[in-house]
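Have a look at the structure below, then the notes.
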Amino acid sequence: MTAALDAKEFGRRRRQLMRMLGRDAIAILPAAPVRTRNADLPYAYRQDSYFHYLTGFPEPESVAVLAPGRPQGEYLLFVRERDLTREDWDGPRSGPAGAVERYGADDAFPIDDVEEILPGLMEGRPRIYYTMGTNEEFDPRILGWVNALRVQARYGVQAPQEIAALSHLLDDMRLYKSRAEQACLRRAATLTVDAHRRAMRFTRPGRMEYEVMAEVVHEFRRHNADLAYHPIVAGGANACIMHYADNDQVLREGDLLLLDAGCELDCYAADVTRTYPVGGRFTPAQRAVYEVVLRAQLAAIDRVRPGNHWDDPHTEAVRVITHGLVELGLLAGRPASLIREGAYRQFFNHRTGHWLGIDVHDVGDYKVGGEWRVLEPGMALTVEPGIYVKPSAKVPKEFWNIGVRIEDDVLVGRQGPEVLTGELEKDPDAVQDMVQAA
């Protein structure tokens, strides 16, 4: 991944967090562990999102420490030492010197010294900020150090009295994207739009779902981006499976293809869905459903404005979709009553979006004090209503196995929504033209 954020951005985040911590606390963050794929071969390494957010340091076997008020330096990194033999096998390491020179640490130590040094940093600080449960290998070490300090209380050692969730503070920070982060999201969005267009132009009857996925992956990797999540490439009835993952079926004339795919670029994610006809033209029933979902998505996006609540886009999407389902003859009754009864859920059974950022389903509370969160500038989210019609005796056959979802990435701007992926075709005529393009 390219280095999209400079050292000043990470430094600003650390200073903001330390102001929130206070001078009597310490924050501890371990890097993500290396995970084994099979035998002695690891998965491609991906840094822990919180660790990356505060440090930008890309290596495993590392621990970051923030100790506000420490005279010798408030930001410390414990990292692997340089080892030329291992580097011949695994690639270069920064070492303690590189952690200071290139990643802004005030002080850096070999990771093998963490047992000796870190308990001393914890001493005299009544509160530790550390998120238990996210790193099962590291949790026992934190508890062991705290208990060892408490045993020494009779000798005047001041042990920490509280372990507070660091994620509670960081989640709120990560919810508001800086200008630099917004630029990262825009780059990920642009590349994802290009990949979806490539997939649309490639799609033909007789091709396999995994071949479409390969086109997406190729476009991402040739720009040094990764998959932000395993794509959903769902033809025909598979589009009615929310988290379809096999991607191994043939694409057939007359079916729709639902493609949900996004890249991770510079550690920031995009998340986009488009639905289009495999053969290049919607059937009347497919187009009718598609147009309802599109109306719902446009109406929901319009509600992504400062001062509105998180639930407002979903409420609007439910309203439009329920009216549309009545128009299509898939539901019968008064829309207001159907909404109260939740009747729409047999066709639209998920929320209309989620926070977006370093994680695809990014952190941040959706409710504050029991009330839906108020949208503010700098927040980023997806807007993704859908309709999924499974075969049923109560449903006209022409609608069977139609699954439509339309998803875009949206930034809450000061004046209203900024659709980061808005360049990707979704007007039904434009979609047909894109699929039919050679």
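Lettering and numbering for the structure tokens are positional, with chains as A, B, ... in the shown order, residues counted from 1 in each chain, and ligands counted from 1 in the shown order.
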
Within 10 Å of Ser167 of chain A using only C-alpha atoms, minus same-chain residues under 5 positions, as a VMD selection string: chain A and resid 50 129 to 132 134 172 to 174 363 to 364

Spatial neighbours of segment 348-351 of chain A, max dist 8 Å, only C-alpha atoms, sep filter under 2 positions, as a list of chain:residue names: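 Residues near the query, excluding close chain neighbours: A:His314, A:Tyr344, A:Arg345, A:Gln346, A:Gly353, A:His354, A:Glu384, A:Pro385, A:Gly386, A:Ile387, A:Tyr388.
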
Serialized selection, N, CA and C atoms, as a short mmCIF file (atom, residue, chain, number, x, y, z; two decimals), in the first residue's frame:
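Writing the result to selection.cif gives the following:
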data_model
loop_
_atom_site.label_atom_id
_atom_site.label_comp_id
_atom_site.auth_asym_id
_atom_site.auth_seq_id
_atom_site.Cartn_x
_atom_site.Cartn_y
_atom_site.Cartn_z
N HIS A 314 -32.45 5.50 6.20
CA HIS A 314 -33.12 4.19 6.20
C HIS A 314 -34.64 4.36 6.22
N TYR A 344 -42.55 -5.00 4.75
CA TYR A 344 -41.53 -4.83 3.71
C TYR A 344 -40.32 -5.74 3.94
N ARG A 345 -40.13 -6.23 5.18
CA ARG A 345 -38.90 -6.97 5.51
C ARG A 345 -38.79 -8.30 4.78
N GLN A 346 -39.88 -8.83 4.26
CA GLN A 346 -39.75 -10.06 3.49
C GLN A 346 -39.04 -9.82 2.16
N GLY A 353 -27.43 1.15 5.39
CA GLY A 353 -26.02 1.53 5.29
C GLY A 353 -25.27 1.28 6.57
N HIS A 354 -24.00 1.68 6.56
CA HIS A 354 -23.11 1.53 7.71
C HIS A 354 -21.99 2.56 7.57
N GLU A 384 -27.40 1.79 0.76
CA GLU A 384 -27.54 0.56 -0.02
C GLU A 384 -28.88 -0.15 0.17
N PRO A 385 -29.98 0.44 -0.25
CA PRO A 385 -31.25 -0.29 -0.18
C PRO A 385 -31.29 -1.41 -1.20
N GLY A 386 -32.21 -2.33 -1.00
CA GLY A 386 -32.34 -3.43 -1.95
C GLY A 386 -33.72 -4.06 -1.88
N ILE A 387 -34.03 -4.83 -2.88
CA ILE A 387 -35.23 -5.66 -2.92
C ILE A 387 -34.80 -7.05 -3.40
N TYR A 388 -35.27 -8.08 -2.69
CA TYR A 388 -34.89 -9.46 -2.98
C TYR A 388 -36.16 -10.30 -2.98
#

Among the residues A:Asn247, A:Asn38, A:Gln16, A:Gln47, the one that comes closest to Leu66 of chain A [using only C-alpha atoms]: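 For Leu66 of chain A, the nearest of the given residues is A:Gln16.
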
For Ala25 of chain A, the nearest of the candidates A:Arg340, A:Arg82, A:Arg127, A:Arg93, counting only C-alpha atoms: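 Closest residue, counting only C-alpha atoms: A:Arg127.
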
Lys394 of chain A surroundings by only C-alpha atoms, 10 Å radius, close-in-sequence under 5 positions cut, as a PyMOL selection string: chain A and resi 329-331

Contact residues around Ala237 of chain A with only C-alpha atoms at 6 Å, ignoring same-chain residues under 2 positions, as a list in words: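 What passes the distance filter is Ala239, Cys240 and Asn401 of chain A.
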
Take the residues that were just selected and, keeping N, CA and C atoms, output them as a PDB file, in the first residue's frame.
ATOM      1  N   ALA A 239     -28.416 -13.675  -6.093  1.00  0.00           N
ATOM      2  CA  ALA A 239     -28.513 -12.285  -5.656  1.00  0.00           C
ATOM      3  C   ALA A 239     -29.461 -12.117  -4.477  1.00  0.00           C
ATOM      4  N   CYS A 240     -30.253 -13.114  -4.195  1.00  0.00           N
ATOM      5  CA  CYS A 240     -31.171 -13.053  -3.051  1.00  0.00           C
ATOM      6  C   CYS A 240     -30.543 -13.634  -1.784  1.00  0.00           C
ATOM      7  N   ASN A 401     -36.705 -14.651  -8.052  1.00  0.00           N
ATOM      8  CA  ASN A 401     -35.226 -14.633  -8.093  1.00  0.00           C
ATOM      9  C   ASN A 401     -34.644 -13.318  -8.585  1.00  0.00           C
TER      10      ASN A 401
END

Separation of atom CA of Pro42 of chain A from atom CA of Phe109 of chain A in Å: 25.4 Å

Which of segment 18-257 of chain A DSSP labels helix (DSSP H, G or I), written as a VMD selection string: chain A and resid 18 to 21 49 to 55 84 to 90 95 to 103 111 to 122 139 to 155 166 to 175 179 to 202 209 to 221 236 to 240

Counting only C-alpha atoms, give me one row per residue of segment 278-383 of chain A with an atom at most 12 Å from an atom of segment 228-231 of chain A, showing the shortest contact pair and its distance in Å to one decimal, sorted by chain then residue number, as a tab-separated table.
residue	atom	partner	partner_atom	distance
A:Leu356	CA	A:Ala228	CA	11.0
A:Gly357	CA	A:Ala228	CA	10.6
A:Ile358	CA	A:Ala228	CA	9.4
A:Asp359	CA	A:Ala228	CA	8.0
A:Val360	CA	A:Ala228	CA	6.7
A:His361	CA	A:Tyr229	CA	10.1
A:Asp362	CA	A:Ala228	CA	11.7

Backbone DSSP call of strand (DSSP E) for segment 189-408 of chain A, listed as JSON, numbers by chain: {"A": [226, 227, 232, 233, 234, 235, 256, 257, 258, 259, 260, 261, 263, 264, 265, 268, 269, 272, 273, 274, 275, 276, 277, 367, 368, 371, 372, 380, 381, 382, 383, 386, 387, 388, 389, 402, 403, 404, 405, 408]}
